[in-house]
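Shown next, in structure tokens, is the structure this report addresses.
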Amino acid sequence: MKLITRRHFLRSIALTGMALGTTRCALHSGSAESWKWKPRQCLSSVMFSSLSLAAFCAKAAELGFKGIDLWAPFGKCEHMEQARNMGAPAFLKLLHKHDLKVGAWTVYSSKQYKERFAGYADFIGKCGGGIVVFGTSFEEEDKQDIEKSLPKYLESLRPEVELARQHKVTFAVENHSYSIFNSLRSFEIFHAHNPDPEVVGIALAPYHIQAHKISVLNAIAACRGKMRFFYAWQDAKGAKQLPGKGPTDFTPWLKALKKEGYAHWMTPFMHGELPTDEMTRLVSDSKHYLEALEI
């Protein structure tokens, strides 16, 4: 048996410590240089409203998405209605079959839609909760003075905030061209009067920001870390709204999201439904475009 002297023992410890320190430094350095932030993409069901819920989920899986943005009744889209009619256990089984999660539940809370969040709260809660996207007021009288109307609107959310807490829900308020929430000033008012910053966040739609000639990078910064959902969506006509199809380079936007530490879902998005085969091809292209960007 080989005897280990005290000097040899201490030298071994020192060398081991140096090796471990070098390894830690190498790992840290390597992770800093090689780590790549990639968008966490989900597919919005309103873009495939002609499909049944089951067919839409199969389509999302076929395209390689791990999440879906499920829409309550909007135009011809009835997917959340179909999910609620199935019941939570059957819907969760459908998601499991296709290895999908719900990235967002889109339920617009305004007069033009027949049900607000409260109508779906119990179902969403039974499915595990999550992020619920909706918009602010579209009323003409409210748009005349957002300094008064936006705080009033946010205050009106307090009952829904309490309901959201009960059902494990976080809200994401979307900006919209024709609503009271779509300017950098409105973002400031939002933060000043947010009824509960832990529950109420922002869903950022660059399409509407660009339409008003506002910098999307400034809008991302104006979210102040409260963004809960992001539409990869540009101000253009038809299919050119989708990432990689129109004039916008999405690289700076995604770099800004990475800098902000954004870890929620985003959706390659457009309004206006195309034939299923064409939409499938375009969305696939956009998904891969976003994944291939050097961020």
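Chain identifiers are assigned as A, B, and so on, following the order in which chains appear in the structure tokens; residues are numbered from 1 within each chain, and ligands are numbered from 1 in order of appearance.
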
Exercise: A:Leu154 partners within 8 Å, only C-alpha atoms, chain neighbours under 3 positions left out, as a PyMOL selection string: chain A and resi 150-151+157-158+190+193-195

Among stretch 206-258 of chain A, which residues does DSSP mark as strand (DSSP E or B) when it is run on the backbone? Keep the chain and numbering as in the structure and answer as a VMD selection string. chain A and resid 227 to 232

List as a PyMOL selection string the protein and nucleic acid residues near A:Pro89, meaning an atom at most 12 Å away when only C-alpha atoms are counted, but skip any in the same chain fewer than 5 places from it. chain A and resi 83-84+94-96+123-128

Might you pull out every residue within 10 Å of stretch 181-188 of chain A, with only C-alpha atoms counted and same-chain residues fewer than 6 positions away left off, and present them as a PyMOL selection string? chain A and resi 135-138+143+146-147+150-151+173-175+194+202+204-206+208-209+212-215+218-224

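With atom CA of A:Phe56 on one side and atom CA of A:Tyr289 on the other, the separation reads 21.6 Å.
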
Enter the distance from atom CA of A:Gln234 to atom CA of A:Asp249, in Å, rounded to one decimal. 9.5 Å

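Within 9 Å of A:Gly272, once only C-alpha atoms are used and residues closer than 3 positions along the same chain are dropped, the contacting residues are Val46, Met47, Gly238 and Ala239 of chain A.
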
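Distance check against A:Ala211 using only C-alpha atoms: of A:Thr106, A:Ser177, A:Thr248, A:Gln241, the minimum falls on A:Ser177.
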
Backbone DSSP call of alpha helix (DSSP H) for stretch 40-192 of chain A, listed as a ChimeraX atom specification: /A:53-62,79-86,88-97,117-126,140-143,146-156,158-166,184-192

Å distance separating atom CA of A:Val200 from atom CA of A:Lys259, one decimal place: 21.5 Å

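Nearest to A:Trp265 of all the residues A:Gly225, A:Met86, A:Tyr120, A:Ala232 is A:Ala232, counting only C-alpha atoms.
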
When distances are computed from only C-alpha atoms, which of A:Phe48, A:Phe117, A:Trp105, A:Phe65 shows the smallest separation from A:Thr280? A:Phe48

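Distance annotation: of A:Lys258, A:Phe269, A:Ser44, A:Gly244, the residue with the minimal separation from A:Leu290 is A:Gly244; atom set is only C-alpha atoms.
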